[in-house]
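To keep things clear, I will list the structure first and then write my remarks on it.
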Amino acid sequence: MPIYEYHCKSCAKDFETLVFGDECPNCPECGASEVCRLMSACGFVSKGSGGQVTNQSAGASACSGCAATSCNTCGH
Ligand SMILES: [Zn+2]
């Protein structure tokens with residue numbers, strides 16, 4: 001089972017948790033459900049000088065609200 005890293009948008013805590021399927025965890029620190037999944041691909045997303053997002057990871061979508069590349073977990 002995969003372990004994903006999440007970032008809490010409420011208290012800014014980063015945490016790792018086991019995730020089953022599309023389950024969306026709550027923050028262990030403050031209990032908020034406003035968490036973003038951090039994926040390894042996010043390190044390859046860079047923003048250009050024109051404010052446009054240059055996405056070098058095929059098939060991924062960039063999120064302007066967080067560092068996650070999977071925006072269905074954070075609503076952006
Ligand atoms: Zn939190």
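To be explicit about the labels: the chains of the structure tokens are called A, B, and onward in the order shown, and within each one the residues are counted from 1, while ligands get numbers from 1 in the order they are shown.
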Please find the residues contacting ligand 1 at a distance of at most 6 Å between atoms, with only C-alpha atoms and all ligand atoms counted, and report them as a PyMOL selection string. chain A and resi 8+10-11+13+27+29-32
May I have the residues from that selection written out with N, CA and C atoms, as a PDB file, in the first residue's frame?
ATOM      1  N   CYS A   8      -0.991  20.056   4.962  1.00  0.00           N
ATOM      2  CA  CYS A   8      -2.226  20.631   5.485  1.00  0.00           C
ATOM      3  C   CYS A   8      -2.282  22.114   5.142  1.00  0.00           C
ATOM      4  N   SER A  10      -4.427  24.105   6.359  1.00  0.00           N
ATOM      5  CA  SER A  10      -4.929  24.834   7.521  1.00  0.00           C
ATOM      6  C   SER A  10      -3.801  25.202   8.485  1.00  0.00           C
ATOM      7  N   CYS A  11      -2.943  24.234   8.798  1.00  0.00           N
ATOM      8  CA  CYS A  11      -1.883  24.503   9.779  1.00  0.00           C
ATOM      9  C   CYS A  11      -0.491  24.350   9.158  1.00  0.00           C
ATOM     10  N   LYS A  13       1.114  21.866   8.184  1.00  0.00           N
ATOM     11  CA  LYS A  13       1.904  20.706   8.584  1.00  0.00           C
ATOM     12  C   LYS A  13       2.031  19.722   7.432  1.00  0.00           C
ATOM     13  N   CYS A  27      -5.893  16.001   8.500  1.00  0.00           N
ATOM     14  CA  CYS A  27      -4.640  16.392   9.133  1.00  0.00           C
ATOM     15  C   CYS A  27      -4.573  15.820  10.550  1.00  0.00           C
ATOM     16  N   GLU A  29      -2.730  16.809  12.819  1.00  0.00           N
ATOM     17  CA  GLU A  29      -2.402  17.884  13.755  1.00  0.00           C
ATOM     18  C   GLU A  29      -3.641  18.678  14.169  1.00  0.00           C
ATOM     19  N   CYS A  30      -4.424  19.079  13.155  1.00  0.00           N
ATOM     20  CA  CYS A  30      -5.566  19.942  13.469  1.00  0.00           C
ATOM     21  C   CYS A  30      -6.887  19.338  13.010  1.00  0.00           C
ATOM     22  N   GLY A  31      -6.817  18.213  12.299  1.00  0.00           N
ATOM     23  CA  GLY A  31      -8.034  17.534  11.905  1.00  0.00           C
ATOM     24  C   GLY A  31      -8.699  18.087  10.660  1.00  0.00           C
ATOM     25  N   ALA A  32      -8.074  19.065  10.034  1.00  0.00           N
ATOM     26  CA  ALA A  32      -8.664  19.666   8.847  1.00  0.00           C
ATOM     27  C   ALA A  32      -8.636  18.693   7.677  1.00  0.00           C
TER      28      ALA A  32
END
